[in-house]
Structure formats: C-alpha cells, structure tokens
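Data from upload-v6.pdb: PDB, C-alpha atoms
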ATOM      1  CA  MET A   1      57.017  25.611 -31.600
ATOM      2  CA  LYS A   2      55.728  28.226 -33.977
ATOM      3  CA  LEU A   3      57.161  31.305 -35.627
ATOM      4  CA  PRO A   4      54.841  34.344 -35.741
ATOM      5  CA  VAL A   5      52.550  34.550 -38.771
ATOM      6  CA  SER A   6      54.236  37.865 -39.569
ATOM      7  CA  THR A   7      57.474  36.003 -40.355
ATOM      8  CA  GLU A   8      56.030  35.215 -43.778
ATOM      9  CA  TRP A   9      54.987  38.845 -44.230
ATOM     10  CA  LEU A  10      58.410  40.267 -43.456
ATOM     11  CA  LEU A  11      60.329  37.755 -45.536
ATOM     12  CA  HIS A  12      58.118  38.614 -48.520
ATOM     13  CA  CYS A  13      58.217  42.380 -47.919
ATOM     14  CA  ALA A  14      62.018  42.387 -47.683
ATOM     15  CA  THR A  15      62.203  40.296 -50.859
ATOM     16  CA  SER A  16      59.949  42.776 -52.631
ATOM     17  CA  LEU A  17      61.937  45.795 -51.450
ATOM     18  CA  ALA A  18      65.083  44.062 -52.690
ATOM     19  CA  GLN A  19      63.616  44.211 -56.203
ATOM     20  CA  LEU A  20      63.180  47.996 -56.294
ATOM     21  CA  GLU A  21      65.580  50.299 -58.132
ATOM     22  CA  PRO A  22      68.407  51.592 -55.916
ATOM     23  CA  GLY A  23      67.088  54.425 -53.730
ATOM     24  CA  ALA A  24      63.419  53.676 -54.453
ATOM     25  CA  THR A  25      61.077  53.073 -51.528
ATOM     26  CA  ALA A  26      57.679  51.556 -50.851
ATOM     27  CA  SER A  27      55.355  52.618 -48.048
ATOM     28  CA  ALA A  28      53.728  50.344 -45.480
ATOM     29  CA  ALA A  29      50.401  51.071 -47.222
ATOM     30  CA  GLN A  30      51.820  49.977 -50.584
ATOM     31  CA  LEU A  31      53.276  46.785 -49.117
ATOM     32  CA  ALA A  32      50.011  46.033 -47.276
ATOM     33  CA  ASP A  33      48.091  46.558 -50.509
ATOM     34  CA  TYR A  34      50.494  44.419 -52.485
ATOM     35  CA  TYR A  35      50.019  41.411 -50.174
ATOM     36  CA  ASP A  36      46.524  42.235 -48.809
ATOM     37  CA  LEU A  37      47.790  42.482 -45.227
ATOM     38  CA  PRO A  38      46.534  44.625 -42.305
ATOM     39  CA  ALA A  39      48.419  47.908 -42.810
ATOM     40  CA  PRO A  40      48.745  49.121 -39.185
ATOM     41  CA  TYR A  41      50.107  45.811 -37.920
ATOM     42  CA  LEU A  42      52.398  45.442 -40.916
ATOM     43  CA  ALA A  43      53.749  48.971 -40.327
ATOM     44  CA  LYS A  44      54.637  48.008 -36.776
ATOM     45  CA  GLN A  45      56.383  44.869 -37.938
ATOM     46  CA  LEU A  46      58.341  46.777 -40.587
ATOM     47  CA  GLN A  47      59.688  48.977 -37.792
ATOM     48  CA  ALA A  48      61.183  45.851 -36.221
ATOM     49  CA  LEU A  49      63.251  45.414 -39.377
ATOM     50  CA  VAL A  50      64.290  49.079 -39.226
ATOM     51  CA  LYS A  51      65.356  48.628 -35.621
ATOM     52  CA  ALA A  52      67.401  45.597 -36.662
ATOM     53  CA  GLY A  53      69.180  47.645 -39.338
ATOM     54  CA  ILE A  54      67.717  45.588 -42.182
ATOM     55  CA  LEU A  55      65.425  48.313 -43.561
ATOM     56  CA  ALA A  56      65.778  52.087 -43.617
ATOM     57  CA  ALA A  57      62.716  54.302 -43.253
ATOM     58  CA  THR A  58      62.648  57.658 -45.004
ATOM     59  CA  THR A  59      60.063  60.370 -44.450
ATOM     60  CA  GLY A  60      58.558  62.987 -46.761
ATOM     61  CA  PRO A  61      56.201  62.804 -49.757
ATOM     62  CA  ARG A  62      58.271  60.074 -51.428
ATOM     63  CA  GLY A  63      59.188  58.391 -48.170
ATOM     64  CA  GLY A  64      58.875  54.736 -47.272
ATOM     65  CA  PHE A  65      61.011  51.679 -46.703
ATOM     66  CA  ARG A  66      64.073  50.445 -48.561
ATOM     67  CA  LEU A  67      66.829  47.971 -47.763
ATOM     68  CA  ALA A  68      69.378  49.445 -45.362
ATOM     69  CA  ARG A  69      72.191  47.502 -47.006
ATOM     70  CA  ALA A  70      72.893  45.343 -50.041
ATOM     71  CA  ALA A  71      70.606  42.346 -50.623
ATOM     72  CA  SER A  72      73.686  40.116 -50.466
ATOM     73  CA  GLU A  73      74.309  41.381 -46.917
ATOM     74  CA  ILE A  74      70.851  40.543 -45.569
ATOM     75  CA  THR A  75      70.225  36.934 -44.589
ATOM     76  CA  MET A  76      66.983  35.112 -43.919
ATOM     77  CA  LEU A  77      68.236  34.471 -40.386
ATOM     78  CA  GLN A  78      68.524  38.213 -39.728
ATOM     79  CA  ILE A  79      64.946  38.786 -40.848
ATOM     80  CA  VAL A  80      63.517  35.830 -38.916
ATOM     81  CA  GLU A  81      65.350  36.827 -35.743
ATOM     82  CA  ALA A  82      64.307  40.477 -36.132
ATOM     83  CA  VAL A  83      60.697  39.250 -36.070
ATOM     84  CA  ASP A  84      60.928  36.494 -33.473
ATOM     85  CA  GLY A  85      64.030  37.194 -31.395
ATOM     86  CA  ALA A  86      67.182  35.123 -31.253
ATOM     87  CA  SER A  87      66.585  32.983 -28.193
ATOM     88  CA  MET A  88      66.800  29.216 -28.400
ATOM     89  CA  PRO A  89      63.497  27.295 -28.620
ATOM     90  CA  TYR A  90      64.666  24.805 -25.990
ATOM     91  CA  GLU A  91      64.819  26.113 -22.474
ATOM     92  CA  CYS A  92      67.122  24.333 -20.011
ATOM     93  CA  ARG A  93      65.891  25.050 -16.509
ATOM     94  CA  GLU A  94      68.553  22.803 -14.982
ATOM     95  CA  ILE A  95      66.184  20.227 -13.580
ATOM     96  CA  ARG A  96      69.284  18.038 -13.203
ATOM     97  CA  ARG A  97      70.027  20.122 -10.068
ATOM     98  CA  GLN A  98      66.731  19.537  -8.280
ATOM     99  CA  GLY A  99      64.793  16.745  -6.562
ATOM    100  CA  ARG A 100      66.041  13.400  -5.235
ATOM    101  CA  GLY A 101      68.261  12.995  -8.271
ATOM    102  CA  ALA A 102      69.909  16.425  -7.934
ATOM    103  CA  LEU A 103      73.485  16.368  -9.158
ATOM    104  CA  PRO A 104      76.096  18.045  -6.955
ATOM    105  CA  PRO A 105      77.404  21.418  -8.233
ATOM    106  CA  GLU A 106      80.756  19.923  -9.216
ATOM    107  CA  ASP A 107      78.938  17.676 -11.712
ATOM    108  CA  CYS A 108      77.164  20.667 -13.292
ATOM    109  CA  ARG A 109      80.170  22.752 -14.303
ATOM    110  CA  SER A 110      79.609  21.990 -17.959
ATOM    111  CA  ILE A 111      76.392  22.337 -19.896
ATOM    112  CA  CYS A 112      73.863  19.510 -19.573
ATOM    113  CA  VAL A 113      74.455  17.075 -22.428
ATOM    114  CA  LEU A 114      70.791  17.255 -23.459
ATOM    115  CA  ALA A 115      70.884  21.073 -23.614
ATOM    116  CA  GLU A 116      74.092  20.827 -25.617
ATOM    117  CA  LYS A 117      72.478  18.569 -28.237
ATOM    118  CA  MET A 118      69.460  20.879 -28.456
ATOM    119  CA  ALA A 119      71.840  23.809 -28.951
ATOM    120  CA  ASP A 120      73.617  21.871 -31.720
ATOM    121  CA  ALA A 121      70.284  21.504 -33.529
ATOM    122  CA  HIS A 122      69.517  25.203 -33.127
ATOM    123  CA  ARG A 123      72.940  26.052 -34.526
ATOM    124  CA  ALA A 124      72.209  23.858 -37.553
ATOM    125  CA  TRP A 125      68.918  25.723 -38.108
ATOM    126  CA  ARG A 126      70.590  29.112 -37.777
ATOM    127  CA  ALA A 127      73.463  28.146 -40.067
ATOM    128  CA  SER A 128      70.993  27.044 -42.731
ATOM    129  CA  LEU A 129      69.153  30.391 -42.681
ATOM    130  CA  ALA A 130      72.356  32.420 -42.308
ATOM    131  CA  GLY A 131      73.520  30.844 -45.551
ATOM    132  CA  VAL A 132      70.685  32.339 -47.607
ATOM    133  CA  SER A 133      70.756  36.048 -48.470
ATOM    134  CA  LEU A 134      68.044  38.095 -50.163
ATOM    135  CA  ALA A 135      70.338  38.157 -53.194
ATOM    136  CA  ASP A 136      70.222  34.345 -53.233
ATOM    137  CA  ILE A 137      66.411  34.478 -53.126
ATOM    138  CA  LEU A 138      66.270  37.002 -55.961
ATOM    139  CA  ALA A 139      68.521  34.773 -58.048
ATOM    140  CA  GLU A 140      65.873  32.036 -57.841
ATOM    141  CA  LEU A 141      62.971  34.223 -59.005
ATOM    142  CA  PRO A 142      61.857  34.285 -62.657
ATOM    143  CA  ALA A 143      63.580  36.932 -64.795
ATOM    144  CA  TYR A 144      60.386  38.972 -65.119
ATOM    145  CA  ALA A 145      59.823  39.225 -61.360
ATOM    146  CA  PRO A 146      61.604  42.514 -60.512
ATOM    147  CA  GLU A 147      59.833  44.534 -63.216
ATOM    148  CA  ARG A 148      56.463  43.096 -62.218
ATOM    149  CA  THR A 149      57.125  43.699 -58.536
ATOM    150  CA  ARG A 150      58.187  47.299 -59.142
ATOM    151  CA  SER A 151      55.175  48.192 -61.240
ATOM    152  CA  ARG A 152      52.603  46.553 -58.964
ATOM    153  CA  LEU A 153      54.186  47.654 -55.699
ATOM    154  CA  THR A 154      54.902  51.311 -56.387
ATOM    155  CA  SER A 155      52.548  52.424 -59.169
ATOM    156  CA  ARG A 156      49.987  53.747 -56.692
ATOM    157  CA  ALA A 157      49.416  53.775 -52.941
TER     158      ALA A 157
ATOM    159  CA  MET B 158      59.397  30.149 -31.138
ATOM    160  CA  LYS B 159      59.493  28.089 -27.975
ATOM    161  CA  LEU B 160      59.368  24.415 -27.161
ATOM    162  CA  PRO B 161      57.169  23.457 -24.187
ATOM    163  CA  VAL B 162      58.887  23.505 -20.792
ATOM    164  CA  SER B 163      58.032  19.818 -20.530
ATOM    165  CA  THR B 164      60.469  19.059 -23.354
ATOM    166  CA  GLU B 165      63.282  19.209 -20.798
ATOM    167  CA  TRP B 166      61.310  16.951 -18.441
ATOM    168  CA  LEU B 167      60.697  14.260 -21.006
ATOM    169  CA  LEU B 168      64.231  14.251 -22.381
ATOM    170  CA  HIS B 169      65.563  13.798 -18.842
ATOM    171  CA  CYS B 170      62.960  11.178 -17.858
ATOM    172  CA  ALA B 171      63.686   9.099 -20.962
ATOM    173  CA  THR B 172      67.423   9.389 -20.273
ATOM    174  CA  SER B 173      66.849   8.190 -16.707
ATOM    175  CA  LEU B 174      64.684   5.272 -17.785
ATOM    176  CA  ALA B 175      67.401   4.323 -20.265
ATOM    177  CA  GLN B 176      69.723   3.749 -17.298
ATOM    178  CA  LEU B 177      67.527   1.170 -15.552
ATOM    179  CA  GLU B 178      68.232  -2.553 -15.684
ATOM    180  CA  PRO B 179      66.423  -4.332 -18.546
ATOM    181  CA  GLY B 180      62.792  -4.876 -17.589
ATOM    182  CA  ALA B 181      62.909  -2.499 -14.604
ATOM    183  CA  THR B 182      60.399   0.345 -14.434
ATOM    184  CA  ALA B 183      59.911   3.658 -12.650
ATOM    185  CA  SER B 184      56.545   5.198 -11.842
ATOM    186  CA  ALA B 185      55.449   8.737 -12.676
ATOM    187  CA  ALA B 186      55.611   9.470  -8.922
ATOM    188  CA  GLN B 187      59.212   8.247  -8.749
ATOM    189  CA  LEU B 188      60.222  10.316 -11.773
ATOM    190  CA  ALA B 189      58.429  13.402 -10.409
ATOM    191  CA  ASP B 190      60.204  12.928  -7.077
ATOM    192  CA  TYR B 191      63.558  12.425  -8.765
ATOM    193  CA  TYR B 192      63.343  15.758 -10.623
ATOM    194  CA  ASP B 193      60.963  17.629  -8.265
ATOM    195  CA  LEU B 194      58.302  18.029 -10.953
ATOM    196  CA  PRO B 195      54.472  18.213 -10.656
ATOM    197  CA  ALA B 196      53.459  14.533 -10.713
ATOM    198  CA  PRO B 197      49.984  14.751 -12.347
ATOM    199  CA  TYR B 198      51.219  16.880 -15.244
ATOM    200  CA  LEU B 199      54.336  14.764 -15.683
ATOM    201  CA  ALA B 200      52.182  11.599 -15.754
ATOM    202  CA  LYS B 201      50.136  13.090 -18.586
ATOM    203  CA  GLN B 202      53.254  13.996 -20.509
ATOM    204  CA  LEU B 203      54.721  10.505 -20.042
ATOM    205  CA  GLN B 204      51.586   9.131 -21.698
ATOM    206  CA  ALA B 205      52.489  11.166 -24.799
ATOM    207  CA  LEU B 206      55.716   9.170 -24.997
ATOM    208  CA  VAL B 207      53.760   5.920 -24.559
ATOM    209  CA  LYS B 208      51.434   6.954 -27.365
ATOM    210  CA  ALA B 209      54.468   7.658 -29.554
ATOM    211  CA  GLY B 210      55.843   4.160 -28.885
ATOM    212  CA  ILE B 211      58.885   5.476 -27.028
ATOM    213  CA  LEU B 212      57.889   4.275 -23.569
ATOM    214  CA  ALA B 213      55.854   1.270 -22.461
ATOM    215  CA  ALA B 214      53.578   1.516 -19.428
ATOM    216  CA  THR B 215      53.037  -1.552 -17.276
ATOM    217  CA  THR B 216      50.442  -1.877 -14.561
ATOM    218  CA  GLY B 217      50.396  -3.784 -11.284
ATOM    219  CA  PRO B 218      52.277  -3.402  -7.993
ATOM    220  CA  ARG B 219      55.667  -3.173  -9.753
ATOM    221  CA  GLY B 220      54.264  -1.254 -12.711
ATOM    222  CA  GLY B 221      55.575   1.917 -14.246
ATOM    223  CA  PHE B 222      57.374   3.145 -17.297
ATOM    224  CA  ARG B 223      60.263   1.648 -19.238
ATOM    225  CA  LEU B 224      61.698   2.193 -22.706
ATOM    226  CA  ALA B 225      59.590   0.530 -25.374
ATOM    227  CA  ARG B 226      62.662  -0.225 -27.460
ATOM    228  CA  ALA B 227      66.464  -0.139 -27.265
ATOM    229  CA  ALA B 228      68.069   3.173 -26.271
ATOM    230  CA  SER B 229      69.952   3.119 -29.566
ATOM    231  CA  GLU B 230      66.592   3.108 -31.375
ATOM    232  CA  ILE B 231      65.179   6.187 -29.631
ATOM    233  CA  THR B 232      66.313   9.576 -30.936
ATOM    234  CA  MET B 233      66.041  13.006 -29.381
ATOM    235  CA  LEU B 234      63.928  14.044 -32.355
ATOM    236  CA  GLN B 235      61.355  11.353 -31.583
ATOM    237  CA  ILE B 236      61.064  12.566 -27.990
ATOM    238  CA  VAL B 237      60.877  16.262 -28.897
ATOM    239  CA  GLU B 238      58.257  15.625 -31.567
ATOM    240  CA  ALA B 239      56.230  13.394 -29.245
ATOM    241  CA  VAL B 240      56.016  16.371 -26.868
ATOM    242  CA  ASP B 241      55.612  19.212 -29.355
ATOM    243  CA  GLY B 242      54.308  17.685 -32.569
ATOM    244  CA  ALA B 243      56.121  17.470 -35.869
ATOM    245  CA  SER B 244      54.781  20.494 -37.704
ATOM    246  CA  MET B 245      57.163  23.076 -39.125
ATOM    247  CA  PRO B 246      57.636  26.298 -37.097
ATOM    248  CA  TYR B 247      57.272  28.419 -40.229
ATOM    249  CA  GLU B 248      53.803  28.645 -41.636
ATOM    250  CA  CYS B 249      53.433  29.541 -45.316
ATOM    251  CA  ARG B 250      49.963  30.969 -45.856
ATOM    252  CA  GLU B 251      50.679  31.656 -49.521
ATOM    253  CA  ILE B 252      50.468  35.428 -49.311
ATOM    254  CA  ARG B 253      52.155  35.404 -52.718
ATOM    255  CA  ARG B 254      48.702  34.549 -54.117
ATOM    256  CA  GLN B 255      46.832  37.509 -52.624
ATOM    257  CA  GLY B 256      46.630  41.303 -52.962
ATOM    258  CA  ARG B 257      47.747  43.545 -55.814
ATOM    259  CA  GLY B 258      50.909  41.482 -56.224
ATOM    260  CA  ALA B 259      49.074  38.141 -56.429
ATOM    261  CA  LEU B 260      50.921  35.703 -58.648
ATOM    262  CA  PRO B 261      48.862  33.766 -61.201
ATOM    263  CA  PRO B 262      48.254  30.072 -60.348
ATOM    264  CA  GLU B 263      50.689  28.906 -63.028
ATOM    265  CA  ASP B 264      53.493  30.692 -61.161
ATOM    266  CA  CYS B 265      52.612  28.933 -57.908
ATOM    267  CA  ARG B 266      52.934  25.333 -59.016
ATOM    268  CA  SER B 267      56.106  24.879 -57.028
ATOM    269  CA  ILE B 268      56.682  25.750 -53.382
ATOM    270  CA  CYS B 269      57.427  29.396 -52.592
ATOM    271  CA  VAL B 270      61.204  29.821 -52.513
ATOM    272  CA  LEU B 271      61.030  31.404 -49.042
ATOM    273  CA  ALA B 272      59.003  28.489 -47.670
ATOM    274  CA  GLU B 273      61.488  26.115 -49.275
ATOM    275  CA  LYS B 274      64.455  27.751 -47.514
ATOM    276  CA  MET B 275      62.588  27.695 -44.197
ATOM    277  CA  ALA B 276      61.879  23.996 -44.770
ATOM    278  CA  ASP B 277      65.584  23.411 -45.476
ATOM    279  CA  ALA B 278      66.420  24.931 -42.080
ATOM    280  CA  HIS B 279      63.814  22.780 -40.341
ATOM    281  CA  ARG B 280      65.252  19.699 -42.029
ATOM    282  CA  ALA B 281      68.715  20.641 -40.730
ATOM    283  CA  TRP B 282      67.294  20.945 -37.194
ATOM    284  CA  ARG B 283      65.498  17.607 -37.452
ATOM    285  CA  ALA B 284      68.549  15.859 -38.906
ATOM    286  CA  SER B 285      70.674  17.108 -36.021
ATOM    287  CA  LEU B 286      68.277  15.709 -33.412
ATOM    288  CA  ALA B 287      67.611  12.529 -35.379
ATOM    289  CA  GLY B 288      71.337  11.851 -35.237
ATOM    290  CA  VAL B 289      71.421  11.602 -31.438
ATOM    291  CA  SER B 290      70.004   8.516 -29.728
ATOM    292  CA  LEU B 291      69.508   7.926 -26.018
ATOM    293  CA  ALA B 292      72.414   5.484 -26.279
ATOM    294  CA  ASP B 293      74.588   8.358 -27.532
ATOM    295  CA  ILE B 294      73.515  10.457 -24.544
ATOM    296  CA  LEU B 295      74.271   7.634 -22.095
ATOM    297  CA  ALA B 296      77.729   7.254 -23.637
ATOM    298  CA  GLU B 297      78.505  10.849 -22.643
ATOM    299  CA  LEU B 298      77.456  10.469 -18.985
ATOM    300  CA  PRO B 299      80.034   9.727 -16.266
ATOM    301  CA  ALA B 300      80.629   6.036 -15.582
ATOM    302  CA  TYR B 301      78.966   6.217 -12.158
ATOM    303  CA  ALA B 302      75.721   7.728 -13.522
ATOM    304  CA  PRO B 303      73.607   4.597 -14.161
ATOM    305  CA  GLU B 304      74.158   3.110 -10.698
ATOM    306  CA  ARG B 305      73.397   6.461  -9.053
ATOM    307  CA  THR B 306      70.290   6.977 -11.210
ATOM    308  CA  ARG B 307      68.974   3.497 -10.436
ATOM    309  CA  SER B 308      69.402   3.788  -6.698
ATOM    310  CA  ARG B 309      67.922   7.279  -6.407
ATOM    311  CA  LEU B 310      65.108   6.753  -8.882
ATOM    312  CA  THR B 311      63.730   3.400  -7.791
ATOM    313  CA  SER B 312      64.721   2.912  -4.144
ATOM    314  CA  ARG B 313      61.388   4.285  -2.916
ATOM    315  CA  ALA B 314      58.312   5.933  -4.344
TER     316      ALA B 314
END
Turn this file's structure into structure tokens for me.
Amino acid sequence: MKLPVSTEWLLHCATSLAQLEPGATASAAQLADYYDLPAPYLAKQLQALVKAGILAATTGPRGGFRLARAASEITMLQIVEAVDGASMPYECREIRRQGRGALPPEDCRSICVLAEKMADAHRAWRASLAGVSLADILAELPAYAPERTRSRLTSRA
Amino acid sequence: MKLPVSTEWLLHCATSLAQLEPGATASAAQLADYYDLPAPYLAKQLQALVKAGILAATTGPRGGFRLARAASEITMLQIVEAVDGASMPYECREIRRQGRGALPPEDCRSICVLAEKMADAHRAWRASLAGVSLADILAELPAYAPERTRSRLTSRA
C-alpha cells in the first residue's frame, strides 16, 4: 500500500504556511517554487486542503493560501486524509460468506475477526497521526526556521 | 492507500490451514473451492506465503499446503507483509532539499520530522498486527469452527 507522492508535498506546504505571520499568505506558485514542484498539479492538491477546511484561499493581488485554523488544531491525520481519503487500506469483501465454506448468516452478524484486527491496526495508525498537530511539528524545527521560511517563501513569486 | 484484495484471501486461507489436524494439508484447488476464489491466482498467492516461510508446500497425491510453523508463531503482520511487501506507505523524497527553500546538507543529517512522524504511525500499525497470531484468531472462533473447517475444506477437491 502506498500513499500518493503528493502527501509529502502537502505536509510540507502546510508546515511552511504554519510559519507565516498571522494573515500572511503564499501562492501556489510561491510554494511550487519553494519546493521545486509542478505548480499546476500542486495548485490542484492545495485545493483539496481548502475543501477539507485545513487551508483558506484568498483572492486578489495579495491572495494565496493560509491556514484556515490554528496550527494546534490541524493534525497530520487531517492532512493525510485530505490527500488520500479516509477509507481503510484493508478491504473485507466477506469471503467468509461464499464458496463451500460459506458461513450461515447467523454466524456473520458480527464483523469478521480478521477484519476487526485489521481495523484495530488502522485505528492505531490514525491515532498516531491524530496525535501530531502542525504546532507540534513547528516545535521540533530549529529556532531560525520560521524567519528563513518566511523570507524564502514570500519574498518573490 | 489500499492493500491488495488478495490480503483477505491469504489471511482467511492461513486461518483455515491453522485449523487442520497436525500434518494435514489442503490444496490450492480445495482452498479456492472453499472460498469461491480464482484457483490459479490463489495458487500464485499461496506461493508468496511459502516463500515467506509461513506455509510449507508438499507434493504427491496427498500434497498441498500446511502451516510451516506453529499458529502461535505466525502473526497477521507476517501474512500481510508477505502479500504486500514491507515498505512504508509514506514515501519521503526529501523535497526539503530542493527548490528555493532547499535546506543545506548540514540541516538534513537527521530524518525529516514529517517522515519521522509518518514512520511512527507505520510502526504503530505494524505493532498492532504483530501482536495478533493465528493462534489468537483461532481462540476467537466458535468452538465448532475447526471441525466444520476440516470437513468442508478437505472432504473433496
């Protein structure tokens, strides 16, 4: 199982936007330039974060993207699921109900034990990422990072 | 991110083989019949479990597949990774090192903090599945399950 390559892009872009001054924005072109990424595809992906309520997009001459809420209120899980969706990697197609071994309906009232264990693992993964906010990430960056990010990201398009 | 559809097949097949009498085997045709699955593709997938040391394949008129070790020594993680590989779903392509924002090499000596948090989540997922053996699964099945599985799985090809 693989997450989209753009997962890395969006995690980094959101982290960079979290380092801007309150109210400041960066455009898709600036973010693409900052990370040397394909601007049109990145712009499309950034819209997925807007749709998920993680980023806000403003228009006009100074328009661009900024966080839609506080960095402490945005988790890595929210970003990853905005990019990739929230469905479980394991798909239970209920093969226990088919073939010569098919279980009768009364034995299938509760979830298959194998699907349940796979769901437990997915919950553990989600809980791990839900426990890390952008504010937590920022707290682990070197002290000089925000100033450097701001000057390199927004000094020119 | 998605696991292959065959993940469900292999988890169920291994669980069924774990219910056979010691030394007994079931063929790919019997397993395909038991779950109504495409036999040639299932046979190929079963070989992945043989290669991973989870199943043993025996030849001859009474040949087939059996567990290669005790059910308590086979975890769900081993089965899932035999089917899907063990690589991490999140790929870090080090975009922090490229573009206008590129960090100097001395700032990239340790793993990117975002990649580290994604790795933490993957470790949580792996630990969850590594903590469940086939013996644990069997312990959650109804008491009548092994006898039913044996008679339906091996009574005829």
Length of the CA of Met275 in chain B to CA of Leu129 in chain A vector [Å]: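 Pair CA of Met275 in chain B / CA of Leu129 in chain A returns 7.3 Å.
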Any chance you could resolve the PyMOL selection byres ((chain A) within 9 of (chain B)) against this file and give the residues as an mmCIF file with C-alpha atoms, keeping the file's coordinate frame?
data_model
loop_
_atom_site.group_PDB
_atom_site.id
_atom_site.type_symbol
_atom_site.label_atom_id
_atom_site.label_comp_id
_atom_site.auth_asym_id
_atom_site.auth_seq_id
_atom_site.Cartn_x
_atom_site.Cartn_y
_atom_site.Cartn_z
ATOM 1 C CA MET A 1 57.017 25.611 -31.600
ATOM 2 C CA LYS A 2 55.728 28.226 -33.977
ATOM 3 C CA LEU A 3 57.161 31.305 -35.627
ATOM 4 C CA PRO A 4 54.841 34.344 -35.741
ATOM 5 C CA VAL A 5 52.550 34.550 -38.771
ATOM 6 C CA THR A 7 57.474 36.003 -40.355
ATOM 7 C CA GLU A 8 56.030 35.215 -43.778
ATOM 8 C CA TRP A 9 54.987 38.845 -44.230
ATOM 9 C CA LEU A 11 60.329 37.755 -45.536
ATOM 10 C CA HIS A 12 58.118 38.614 -48.520
ATOM 11 C CA ALA A 32 50.011 46.033 -47.276
ATOM 12 C CA ASP A 33 48.091 46.558 -50.509
ATOM 13 C CA TYR A 34 50.494 44.419 -52.485
ATOM 14 C CA TYR A 35 50.019 41.411 -50.174
ATOM 15 C CA ASP A 36 46.524 42.235 -48.809
ATOM 16 C CA LEU A 37 47.790 42.482 -45.227
ATOM 17 C CA MET A 76 66.983 35.112 -43.919
ATOM 18 C CA ASP A 84 60.928 36.494 -33.473
ATOM 19 C CA GLY A 85 64.030 37.194 -31.395
ATOM 20 C CA SER A 87 66.585 32.983 -28.193
ATOM 21 C CA MET A 88 66.800 29.216 -28.400
ATOM 22 C CA PRO A 89 63.497 27.295 -28.620
ATOM 23 C CA TYR A 90 64.666 24.805 -25.990
ATOM 24 C CA GLU A 91 64.819 26.113 -22.474
ATOM 25 C CA CYS A 92 67.122 24.333 -20.011
ATOM 26 C CA ARG A 93 65.891 25.050 -16.509
ATOM 27 C CA GLU A 94 68.553 22.803 -14.982
ATOM 28 C CA ILE A 95 66.184 20.227 -13.580
ATOM 29 C CA ARG A 96 69.284 18.038 -13.203
ATOM 30 C CA ARG A 97 70.027 20.122 -10.068
ATOM 31 C CA GLN A 98 66.731 19.537 -8.280
ATOM 32 C CA GLY A 99 64.793 16.745 -6.562
ATOM 33 C CA ARG A 100 66.041 13.400 -5.235
ATOM 34 C CA GLY A 101 68.261 12.995 -8.271
ATOM 35 C CA ALA A 102 69.909 16.425 -7.934
ATOM 36 C CA VAL A 113 74.455 17.075 -22.428
ATOM 37 C CA LEU A 114 70.791 17.255 -23.459
ATOM 38 C CA ALA A 115 70.884 21.073 -23.614
ATOM 39 C CA LYS A 117 72.478 18.569 -28.237
ATOM 40 C CA MET A 118 69.460 20.879 -28.456
ATOM 41 C CA ASP A 120 73.617 21.871 -31.720
ATOM 42 C CA ALA A 121 70.284 21.504 -33.529
ATOM 43 C CA HIS A 122 69.517 25.203 -33.127
ATOM 44 C CA ARG A 123 72.940 26.052 -34.526
ATOM 45 C CA ALA A 124 72.209 23.858 -37.553
ATOM 46 C CA TRP A 125 68.918 25.723 -38.108
ATOM 47 C CA ARG A 126 70.590 29.112 -37.777
ATOM 48 C CA ALA A 127 73.463 28.146 -40.067
ATOM 49 C CA SER A 128 70.993 27.044 -42.731
ATOM 50 C CA LEU A 129 69.153 30.391 -42.681
ATOM 51 C CA VAL A 132 70.685 32.339 -47.607
ATOM 52 C CA ILE A 137 66.411 34.478 -53.126
ATOM 53 C CA GLU A 140 65.873 32.036 -57.841
ATOM 54 C CA LEU A 141 62.971 34.223 -59.005
ATOM 55 C CA ARG A 148 56.463 43.096 -62.218
ATOM 56 C CA THR A 149 57.125 43.699 -58.536
ATOM 57 C CA ARG A 152 52.603 46.553 -58.964
ATOM 58 C CA LEU A 153 54.186 47.654 -55.699
#
Restricting the calculation to all atoms listed in the file: of B:Arg223, B:Glu230, B:Val240, B:Gln235, which residue gets closest to Ala205 in chain B?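 Going through B:Arg223, B:Glu230, B:Val240, B:Gln235 one by one, the smallest distance to Ala205 in chain B is for B:Val240.
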So that I can see what lies close to Val50 in chain A, please list as a short mmCIF file (atom, residue, chain, number, x, y, z; two decimals) with C-alpha atoms, in the frame of the given file the residues with an atom at most 9 Å from it, counting all atoms listed in the file and leaving out residues fewer than 6 positions away in the same chain.
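Final file, around.cif:
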data_model
loop_
_atom_site.label_atom_id
_atom_site.label_comp_id
_atom_site.auth_asym_id
_atom_site.auth_seq_id
_atom_site.Cartn_x
_atom_site.Cartn_y
_atom_site.Cartn_z
CA ALA A 56 65.78 52.09 -43.62
CA ALA A 57 62.72 54.30 -43.25
CA PHE A 65 61.01 51.68 -46.70
CA LEU A 67 66.83 47.97 -47.76
CA ALA A 68 69.38 49.44 -45.36
#
CA of Thr25 in chain A to CA of Ser133 in chain A, straight-line distance in Å: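 Computed distance, CA of Ser133 in chain A to CA of Thr25 in chain A, equals 19.8 Å.
Between CA of Gly23 in chain A and CA of Ala143 in chain A there is a distance of 21.0 Å.
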Can you pull out the residues contacting Ala135 in chain A? Cut-off 7 Å, using all atoms listed in the file, and skip same-chain residues under 3 positions away; I want them as a PyMOL selection string. chain A and resi 71-72+138-139
Next, the residues of the selection above should be written as a PDB file, in the coordinates of the input with C-alpha atoms.
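Output (part37.pdb):
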ATOM      1  CA  ALA A  71      70.606  42.346 -50.623  1.00  0.00           C
ATOM      2  CA  SER A  72      73.686  40.116 -50.466  1.00  0.00           C
ATOM      3  CA  LEU A 138      66.270  37.002 -55.961  1.00  0.00           C
ATOM      4  CA  ALA A 139      68.521  34.773 -58.048  1.00  0.00           C
TER       5      ALA A 139
END
Kindly compute an axis-aligned box around the listed atoms of range 122-141 of chain A, allowing 4 Å on each side, and express its centre and edge lengths in Å to one decimal as JSON.
{"center_x": 68.2, "center_y": 31.0, "center_z": -46.1, "size_x": 18.5, "size_y": 22.3, "size_z": 33.9}
Neighbours of Arg69 in chain A within 8 Å (all atoms listed in the file; same-chain residues fewer than 3 positions away dropped), as an mmCIF file with C-alpha atoms, keeping the file's coordinate frame?
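And here's out-v2.cif as it stands now:
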data_model
loop_
_atom_site.group_PDB
_atom_site.id
_atom_site.type_symbol
_atom_site.label_atom_id
_atom_site.label_comp_id
_atom_site.auth_asym_id
_atom_site.auth_seq_id
_atom_site.Cartn_x
_atom_site.Cartn_y
_atom_site.Cartn_z
ATOM 1 C CA ILE A 54 67.717 45.588 -42.182
ATOM 2 C CA LEU A 55 65.425 48.313 -43.561
ATOM 3 C CA GLU A 73 74.309 41.381 -46.917
ATOM 4 C CA ILE A 74 70.851 40.543 -45.569
#
